[in-house]
Amino acid sequence: MGQPVKRIDARSKVTGRARYVADVKIQGMLYGKMLFSPHAHAHIKGIDTSKAEGLPGVWAVITAQHIPGENQIGVVTPDQPLLAQETVRFVGDCVALVAAESASVAEKALGLIRVDYQTLPGVYTAQEALGENSPLVHQGGNLLTHLKIRKGDLKKGIGECDILLEETFHTQRQEHVYIETIGALAIPEGDGSMTILGSIQCPFYVQKGVAHVLGLPMNKVRIVQATTGGGFGGKEDVPSEICGFASLLAWKTHRPVQMILTREEDLRRSSKRHPMSVTYKMGATKGGKILCAQIEVLADVGAYATLSPVVMFRSTVHATGPYEIPHVKVDTYGAYTNNIPSGAMRGFGTPEVTFAHESMVDELAAKLNMDPIQIRLINGLRLGSQTATGQVLRESVGLEETIVKAKEACDWESKRAEDKRIGPSRRRGLGASAMFYGVSLGAKGWPLDGSAAAVQVHQDGSVSVAIGGTEMGQGAQTVVAQMAAECMGLSLDRIAILATDTSLVPDSGPTVASRTTVFSGNATLNALEQIKRSMTELASELLAVAPEKLDFRDGQVLGGGKKISFDQLVQHCYSRNINLGAEGWFVSPPCSFDEETGQGDAYYVYGYGTQIAEVEVDLDTGQVQVLRVTAAHDVGKAINPQGVSCQIEGGVVQGVGYALLENFMMVKGQIQTPDLATYTIPTSLDVPQVEPIIVEAISEKGPYGAKGLGEQPIIPTAAAVANAIHDATGIRITKLPIGPEALRRALLEERKEL
Amino acid sequence: METFRYSVPRSVEEALHLIKEEGQAAKLLAGGTDLLVQMKEGLFRPSLVVDIGSLHQLRGIRKEEGFIWIGPLTTHHDLAHSALIQRHGLALAQGASKVGSPQIRQRGTLGGNIANASPAADTLPPLVVLEAEVQVSSLTGSRWVPVESVMEGPSQTVLRPEELITAVRFPVQEKGFRSQYEKFGSRRALSIAVASVAAGAYQEKGCVKKITIALGSVSPSIVRASQAEELLTGKALEQSLIARASTSAGQACCPLDDVRGSIWYRRQLVAALLARILQSWMNDE
């Protein structure tokens, strides 16, 4: 614990032995396919499936009318039919499903289904959606959410400023590009229940969703997570839809049905990061103290709410960045459009606003002729600071340390002073960006914020741990195993973490929001402490040593000069019928948020980070190469420092993609980047050198002092890159991604000498 | 993917018989890096796939009779690493080294790249400036066609269904000749060119005697920047000339406006890439 260890799932993954859902083939299995709407907004006048049903090898064709339960899959807001019934609202809406003996027969059958559509006028930007007389995506109106923060006296704050800046920023739709597409295998059991194996992040969401759609009680739906190749939020709620499809077909045919999305299907159906327009007014004194921030965020929610209400909550709480600002007014709006739904993606509404506030802070520094590091140190949150929601930070605030360490590691002062010109048409620059991020679900998700673990110590002293959080590549199993080993004084190889299965542990909420280390970790420790109590009691009796003197260490239980091996003690427990199984539970510390004022303890604790990017700009083409990113992150106690470094590296790479390259484009509701040839992500040659720095501001509520980390590293990267481009060229780009064409155009417009 | 018949001919003649009999519904499979993707996407539904991959006589690079001869099944990897190509047609080695990824360069072939006829193909502008020709064979005989005339538009060539590319060659140029290829893509690998430029020139005492400039990914097929060629011919390379020629090359093309780049930007890129080539030649003098 606290030492770098090799991931416990590394060997099975690199040798190809790990079993993903597509690797599982069972007797009598059919293949499922879905029929997408070609239109972004249309009325369904009729569906003729007779030809498809007649095709040899086809076992079932299902439309909305066949659904035995309720045709509803919305995770936060009940606005999303699983299968479109009367209306299609985006091009990923599905109108029919087919199960056939092969994927190619199923594909052929899709081509035989005739759907009679009457196209409807649509809305394709959030601005358009909120305009007067705009077509409605849902009957209740296009405005889905409006959240507010009111703190201090904005007018007074503006009056006291020596400088006041205003700017609007635009961010794009980003796709997760997990390495494994979403897939599910639904198996109808003899007793009328349904078992589903899938590539999923949140099995308990799937259980609830599938039970709802099939009209089954939840105890008749069991979800087992297969080895999952990445999630990044993309497998939070969308797998409920795909598992819903597969289980409908399995219910109808009484045969197992496998549904593995092709990359193109996955891109078309899965949610994306929200495109946002963000307007900031930010003012400061001559000395660089930020006094006020007026912020308006407008997000394109897409056709369905999915997780938008909670994503927008994060955008709201984090809108001011990690700074103490006395006068704040924030309004965030989310509007329905006929675009692909925006949903959960690593950072969950925070990278968008961070791009804006970190650009603003740099602009303030530039106008005040102040070092960008200095302005961040002046305003940054520290112990005792009050956030925009009025929360007083009482523990674990490592921001300042991340700023100082990142600055020192990258040689900030001398590099900033260097000549930017490194050739007639090449410039180098250095840019900084800071962030904070609430760990776990916070005030808006508090009712879901409990987690369980079920632990057994077997007769041979080996330990199995079933957790409600999932492993999707982030390293959760390894850190939970490390904590369990530490707690029991055993070596890591004595601990096995079981595949997440809804029949093994109670509903533990979703595996999202950088919460698994803390929540599954604490629940596991809670279970182990119960077992340890029983074991300690017996050891005390056997060794004749007071229980409080006994310690679990190095495979032994020892104290008072006496000891017994862990394994022997376990055998004694078994011979006396002492229960060595236990269930653990952990609930989030209380959080609050007042809807009118936006005041409250929004999250129980925050992670902090600072990244500094070094870039090289080709003035002739506008192309940017990110050379190096120094990334210091406060994660509380780093349970597995190697895992932390890997998360930082991965987040930076995804952040570089967000900054420069990735853009899931839609025009009039139609996808312009339907595959990975057109939606481009960084290759290994585009990746900068990343220098991770771990800062450990211990959180008392975390297991061994840990906080969450999964999402944080992507959050500041785009702003750091944008600030570095500004340092290199003097050009402030306010729109992501910073593609070469846009930068070349800006260079020509703003610097006539080129 | 639809079902199809698959055959592996043991000789060029057998391959020619097979495609002659099947006609339009036959497809030749070399490296498969384009064909397999197109078949999976349903763009082609051939009834017969003729796998010529084992016709080893169609592979290899040699220098003979004043030409560099390249077997059409030579892979991009082999082209990029060939000392002969690097010495006599550097632009082609550079182009081949910028195709796709290492995996694609190990599979993809020069003949396939020519026959696939993508305006973004990385080997085509270099072949044009090297004045390369392809030997096209059928059961009735063979003919030589300049690479510049092979492509008629995206996925369109003068090749007839019963024909097979059996050789590619370009003349060994005299001393003083040099060639270079520059590509711009949105990322450093696995990138389809937004614009590309190849140039081949004879220089004598700093003076451009003859120059050929070919542009990729900016027109339905590979185009020459004739006006820039004229501007440069007979002159010594210097800054203002490079600037004029580059701008002129940018104007010469009629690019596509697509997800990868606008017309305006592609023209900017052509100018920047040509300037980069000419600049490096000027600096070498």
# chains A, B, ... in the order shown; residues from 1 in each chain; ligands from 1

$ residues_around --residues "A:Ala724" --least-positions-apart "5" --cutoff "10 Å" --atoms "only C-alpha atoms" --output "PDB file with all heavy atoms, in the first residue's frame"
ATOM      1  N   ARG A 416       9.942  30.441 -19.520  1.00  0.00           N
ATOM      2  CA  ARG A 416       9.065  31.548 -19.937  1.00  0.00           C
ATOM      3  C   ARG A 416       9.896  32.707 -20.479  1.00  0.00           C
ATOM      4  O   ARG A 416       9.450  33.467 -21.334  1.00  0.00           O
ATOM      5  CB  ARG A 416       8.212  32.054 -18.761  1.00  0.00           C
ATOM      6  CG  ARG A 416       7.054  31.160 -18.407  1.00  0.00           C
ATOM      7  CD  ARG A 416       5.828  31.319 -19.274  1.00  0.00           C
ATOM      8  NE  ARG A 416       5.117  32.567 -19.122  1.00  0.00           N
ATOM      9  CZ  ARG A 416       3.861  32.761 -19.540  1.00  0.00           C
ATOM     10  NH1 ARG A 416       3.181  31.775 -20.105  1.00  0.00           N
ATOM     11  NH2 ARG A 416       3.285  33.939 -19.410  1.00  0.00           N
ATOM     12  N   ARG A 428       7.906  28.494 -29.655  1.00  0.00           N
ATOM     13  CA  ARG A 428       7.610  27.658 -28.484  1.00  0.00           C
ATOM     14  C   ARG A 428       6.945  28.469 -27.405  1.00  0.00           C
ATOM     15  O   ARG A 428       7.171  29.679 -27.286  1.00  0.00           O
ATOM     16  CB  ARG A 428       8.902  27.057 -27.933  1.00  0.00           C
ATOM     17  CG  ARG A 428       9.300  25.848 -28.732  1.00  0.00           C
ATOM     18  CD  ARG A 428      10.245  24.961 -27.968  1.00  0.00           C
ATOM     19  NE  ARG A 428      10.593  23.854 -28.849  1.00  0.00           N
ATOM     20  CZ  ARG A 428      11.504  22.943 -28.582  1.00  0.00           C
ATOM     21  NH1 ARG A 428      12.163  22.998 -27.436  1.00  0.00           N
ATOM     22  NH2 ARG A 428      11.758  21.971 -29.425  1.00  0.00           N
ATOM     23  N   GLY A 429       6.123  27.802 -26.597  1.00  0.00           N
ATOM     24  CA  GLY A 429       5.467  28.502 -25.494  1.00  0.00           C
ATOM     25  C   GLY A 429       5.147  27.558 -24.350  1.00  0.00           C
ATOM     26  O   GLY A 429       5.153  26.332 -24.510  1.00  0.00           O
ATOM     27  N   LEU A 430       4.873  28.176 -23.196  1.00  0.00           N
ATOM     28  CA  LEU A 430       4.623  27.432 -21.970  1.00  0.00           C
ATOM     29  C   LEU A 430       3.332  27.963 -21.354  1.00  0.00           C
ATOM     30  O   LEU A 430       3.165  29.184 -21.224  1.00  0.00           O
ATOM     31  CB  LEU A 430       5.795  27.687 -21.021  1.00  0.00           C
ATOM     32  CG  LEU A 430       6.112  26.676 -19.943  1.00  0.00           C
ATOM     33  CD1 LEU A 430       6.490  25.337 -20.563  1.00  0.00           C
ATOM     34  CD2 LEU A 430       7.287  27.183 -19.096  1.00  0.00           C
ATOM     35  N   GLY A 431       2.424  27.084 -20.974  1.00  0.00           N
ATOM     36  CA  GLY A 431       1.164  27.550 -20.399  1.00  0.00           C
ATOM     37  C   GLY A 431       0.747  26.708 -19.207  1.00  0.00           C
ATOM     38  O   GLY A 431       0.954  25.497 -19.189  1.00  0.00           O
ATOM     39  N   ALA A 432       0.149  27.367 -18.226  1.00  0.00           N
ATOM     40  CA  ALA A 432      -0.273  26.674 -17.011  1.00  0.00           C
ATOM     41  C   ALA A 432      -1.786  26.654 -16.903  1.00  0.00           C
ATOM     42  O   ALA A 432      -2.477  27.493 -17.495  1.00  0.00           O
ATOM     43  CB  ALA A 432       0.313  27.361 -15.785  1.00  0.00           C
ATOM     44  N   SER A 433      -2.288  25.706 -16.134  1.00  0.00           N
ATOM     45  CA  SER A 433      -3.718  25.602 -15.901  1.00  0.00           C
ATOM     46  C   SER A 433      -3.950  24.836 -14.600  1.00  0.00           C
ATOM     47  O   SER A 433      -3.262  23.860 -14.327  1.00  0.00           O
ATOM     48  CB  SER A 433      -4.354  24.876 -17.091  1.00  0.00           C
ATOM     49  OG  SER A 433      -5.653  24.452 -16.789  1.00  0.00           O
ATOM     50  N   ILE A 612       1.236  22.047 -16.645  1.00  0.00           N
ATOM     51  CA  ILE A 612       1.954  23.036 -17.451  1.00  0.00           C
ATOM     52  C   ILE A 612       2.339  22.364 -18.760  1.00  0.00           C
ATOM     53  O   ILE A 612       2.969  21.300 -18.753  1.00  0.00           O
ATOM     54  CB  ILE A 612       3.187  23.561 -16.697  1.00  0.00           C
ATOM     55  CG1 ILE A 612       2.712  24.309 -15.429  1.00  0.00           C
ATOM     56  CG2 ILE A 612       4.014  24.483 -17.602  1.00  0.00           C
ATOM     57  CD1 ILE A 612       3.816  24.788 -14.524  1.00  0.00           C
ATOM     58  N   ALA A 613       1.895  22.965 -19.860  1.00  0.00           N
ATOM     59  CA  ALA A 613       2.151  22.389 -21.178  1.00  0.00           C
ATOM     60  C   ALA A 613       3.192  23.214 -21.904  1.00  0.00           C
ATOM     61  O   ALA A 613       3.212  24.444 -21.790  1.00  0.00           O
ATOM     62  CB  ALA A 613       0.860  22.346 -21.993  1.00  0.00           C
ATOM     63  N   GLU A 614       4.037  22.513 -22.629  1.00  0.00           N
ATOM     64  CA  GLU A 614       5.016  23.181 -23.478  1.00  0.00           C
ATOM     65  C   GLU A 614       4.698  22.805 -24.921  1.00  0.00           C
ATOM     66  O   GLU A 614       4.578  21.616 -25.235  1.00  0.00           O
ATOM     67  CB  GLU A 614       6.420  22.689 -23.099  1.00  0.00           C
ATOM     68  CG  GLU A 614       7.514  23.552 -23.637  1.00  0.00           C
ATOM     69  CD  GLU A 614       8.896  23.032 -23.229  1.00  0.00           C
ATOM     70  OE1 GLU A 614       8.984  22.216 -22.288  1.00  0.00           O
ATOM     71  OE2 GLU A 614       9.862  23.437 -23.879  1.00  0.00           O
ATOM     72  N   VAL A 615       4.511  23.803 -25.768  1.00  0.00           N
ATOM     73  CA  VAL A 615       4.094  23.504 -27.142  1.00  0.00           C
ATOM     74  C   VAL A 615       5.037  24.139 -28.151  1.00  0.00           C
ATOM     75  O   VAL A 615       5.783  25.067 -27.836  1.00  0.00           O
ATOM     76  CB  VAL A 615       2.665  24.031 -27.441  1.00  0.00           C
ATOM     77  CG1 VAL A 615       1.651  23.468 -26.456  1.00  0.00           C
ATOM     78  CG2 VAL A 615       2.624  25.547 -27.471  1.00  0.00           C
ATOM     79  N   GLU A 616       4.957  23.591 -29.367  1.00  0.00           N
ATOM     80  CA  GLU A 616       5.664  24.198 -30.488  1.00  0.00           C
ATOM     81  C   GLU A 616       4.634  24.435 -31.585  1.00  0.00           C
ATOM     82  O   GLU A 616       3.858  23.547 -31.915  1.00  0.00           O
ATOM     83  CB  GLU A 616       6.762  23.249 -30.969  1.00  0.00           C
ATOM     84  CG  GLU A 616       7.693  23.887 -31.961  1.00  0.00           C
ATOM     85  CD  GLU A 616       8.878  22.972 -32.282  1.00  0.00           C
ATOM     86  OE1 GLU A 616       9.544  22.480 -31.339  1.00  0.00           O
ATOM     87  OE2 GLU A 616       9.104  22.741 -33.475  1.00  0.00           O
ATOM     88  N   VAL A 617       4.615  25.642 -32.121  1.00  0.00           N
ATOM     89  CA  VAL A 617       3.627  26.010 -33.136  1.00  0.00           C
ATOM     90  C   VAL A 617       4.333  26.238 -34.466  1.00  0.00           C
ATOM     91  O   VAL A 617       5.332  26.952 -34.531  1.00  0.00           O
ATOM     92  CB  VAL A 617       2.878  27.302 -32.734  1.00  0.00           C
ATOM     93  CG1 VAL A 617       1.843  27.674 -33.789  1.00  0.00           C
ATOM     94  CG2 VAL A 617       2.225  27.147 -31.368  1.00  0.00           C
ATOM     95  N   VAL A 626       2.374  19.296 -28.935  1.00  0.00           N
ATOM     96  CA  VAL A 626       2.578  19.430 -27.488  1.00  0.00           C
ATOM     97  C   VAL A 626       3.822  18.611 -27.140  1.00  0.00           C
ATOM     98  O   VAL A 626       3.869  17.411 -27.385  1.00  0.00           O
ATOM     99  CB  VAL A 626       1.359  18.930 -26.691  1.00  0.00           C
ATOM    100  CG1 VAL A 626       1.582  19.146 -25.201  1.00  0.00           C
ATOM    101  CG2 VAL A 626       0.103  19.655 -27.140  1.00  0.00           C
ATOM    102  N   ALA A 718      -6.504  21.022 -21.774  1.00  0.00           N
ATOM    103  CA  ALA A 718      -6.820  21.862 -22.936  1.00  0.00           C
ATOM    104  C   ALA A 718      -6.470  23.326 -22.649  1.00  0.00           C
ATOM    105  O   ALA A 718      -5.903  24.019 -23.505  1.00  0.00           O
ATOM    106  CB  ALA A 718      -8.301  21.731 -23.304  1.00  0.00           C
ATOM    107  N   ALA A 719      -6.779  23.774 -21.435  1.00  0.00           N
ATOM    108  CA  ALA A 719      -6.478  25.169 -21.108  1.00  0.00           C
ATOM    109  C   ALA A 719      -4.974  25.405 -21.049  1.00  0.00           C
ATOM    110  O   ALA A 719      -4.486  26.451 -21.485  1.00  0.00           O
ATOM    111  CB  ALA A 719      -7.129  25.541 -19.772  1.00  0.00           C
ATOM    112  N   THR A 729       2.581  32.534 -29.369  1.00  0.00           N
ATOM    113  CA  THR A 729       2.190  33.314 -30.551  1.00  0.00           C
ATOM    114  C   THR A 729       1.480  34.626 -30.224  1.00  0.00           C
ATOM    115  O   THR A 729       1.286  35.451 -31.116  1.00  0.00           O
ATOM    116  CB  THR A 729       1.198  32.504 -31.411  1.00  0.00           C
ATOM    117  OG1 THR A 729       0.014  32.264 -30.633  1.00  0.00           O
ATOM    118  CG2 THR A 729       1.801  31.171 -31.840  1.00  0.00           C
ATOM    119  N   GLY A 730       1.029  34.782 -28.992  1.00  0.00           N
ATOM    120  CA  GLY A 730       0.224  35.958 -28.661  1.00  0.00           C
ATOM    121  C   GLY A 730      -1.224  35.812 -29.096  1.00  0.00           C
ATOM    122  O   GLY A 730      -2.011  36.747 -28.976  1.00  0.00           O
ATOM    123  N   ILE A 731      -1.585  34.645 -29.610  1.00  0.00           N
ATOM    124  CA  ILE A 731      -2.959  34.440 -30.088  1.00  0.00           C
ATOM    125  C   ILE A 731      -3.781  33.729 -29.012  1.00  0.00           C
ATOM    126  O   ILE A 731      -3.370  32.712 -28.471  1.00  0.00           O
ATOM    127  CB  ILE A 731      -2.974  33.547 -31.352  1.00  0.00           C
ATOM    128  CG1 ILE A 731      -2.092  34.138 -32.442  1.00  0.00           C
ATOM    129  CG2 ILE A 731      -4.405  33.315 -31.821  1.00  0.00           C
ATOM    130  CD1 ILE A 731      -2.685  35.239 -33.231  1.00  0.00           C
ATOM    131  N   ARG A 732      -4.946  34.297 -28.729  1.00  0.00           N
ATOM    132  CA  ARG A 732      -5.863  33.674 -27.772  1.00  0.00           C
ATOM    133  C   ARG A 732      -6.958  32.959 -28.542  1.00  0.00           C
ATOM    134  O   ARG A 732      -7.762  33.591 -29.223  1.00  0.00           O
ATOM    135  CB  ARG A 732      -6.468  34.763 -26.873  1.00  0.00           C
ATOM    136  CG  ARG A 732      -7.610  34.327 -25.992  1.00  0.00           C
ATOM    137  CD  ARG A 732      -7.245  33.275 -24.988  1.00  0.00           C
ATOM    138  NE  ARG A 732      -6.146  33.692 -24.099  1.00  0.00           N
ATOM    139  CZ  ARG A 732      -5.461  32.830 -23.323  1.00  0.00           C
ATOM    140  NH1 ARG A 732      -5.748  31.542 -23.328  1.00  0.00           N
ATOM    141  NH2 ARG A 732      -4.484  33.269 -22.550  1.00  0.00           N
TER     142      ARG A 732
END

$ interface_residues --of "chain B" --to "chain A" --cutoff "7 Å" --atoms "only C-alpha atoms" --output "list in words"
Arg187, Arg188, Ala189, Tyr265, Leu269 and Ala272 of chain B

$ closest_atom_pairs --of "stretch 134-194 of chain A" --to "stretch 36-46 of chain A" --cutoff "12 Å" --atoms "only C-alpha atoms" --output "CSV"
residue,atom,partner,partner_atom,distance
A:Pro135,CA,A:His41,CA,9.9
A:Leu136,CA,A:His41,CA,10.1
A:Val137,CA,A:His41,CA,8.2
A:His138,CA,A:His41,CA,11.1

$ write_last_selection --atoms "all heavy atoms" --output "compact mmCIF listing (two decimals), in the first residue's frame"
# COMPACT_ATOMS: atom_id res chain seq x y z
N PRO A 135 -38.79 24.55 -32.92
CA PRO A 135 -39.43 23.23 -32.82
C PRO A 135 -39.09 22.60 -31.46
O PRO A 135 -37.98 22.79 -30.96
CB PRO A 135 -38.79 22.43 -33.95
CG PRO A 135 -38.23 23.44 -34.88
CD PRO A 135 -37.90 24.65 -34.07
N LEU A 136 -40.02 21.87 -30.89
CA LEU A 136 -39.79 21.26 -29.58
C LEU A 136 -39.26 19.84 -29.75
O LEU A 136 -39.78 19.05 -30.54
CB LEU A 136 -41.09 21.21 -28.78
CG LEU A 136 -41.65 22.56 -28.31
CD1 LEU A 136 -42.89 22.34 -27.45
CD2 LEU A 136 -40.60 23.35 -27.54
N VAL A 137 -38.23 19.51 -28.99
CA VAL A 137 -37.69 18.16 -29.00
C VAL A 137 -38.56 17.27 -28.09
O VAL A 137 -38.84 16.13 -28.40
CB VAL A 137 -36.22 18.15 -28.54
CG1 VAL A 137 -35.64 16.75 -28.62
CG2 VAL A 137 -35.39 19.11 -29.40
N HIS A 138 -38.94 17.85 -26.94
CA HIS A 138 -39.88 17.17 -26.04
C HIS A 138 -41.01 18.15 -25.72
O HIS A 138 -40.79 19.38 -25.75
CB HIS A 138 -39.18 16.75 -24.75
CG HIS A 138 -38.14 15.69 -24.96
ND1 HIS A 138 -38.42 14.35 -25.00
CD2 HIS A 138 -36.81 15.79 -25.20
CE1 HIS A 138 -37.33 13.65 -25.22
NE2 HIS A 138 -36.32 14.51 -25.36

$ select_by_dssp --residues "stretch 424-647 of chain A" --states "alpha helix (DSSP H)" --output "ChimeraX atom specification"
/A:442-445,476-488,516-543,566-575,641-647

$ select_by_dssp --residues "stretch 210-305 of chain A" --states "strand (DSSP E)" --output "number ranges by chain"
A: 221-225, 257-260, 276-284, 290-302

$ atom_distance --atom1 "atom CA of B:Leu124" --atom2 "atom CA of B:Gln227"
20.0 Å
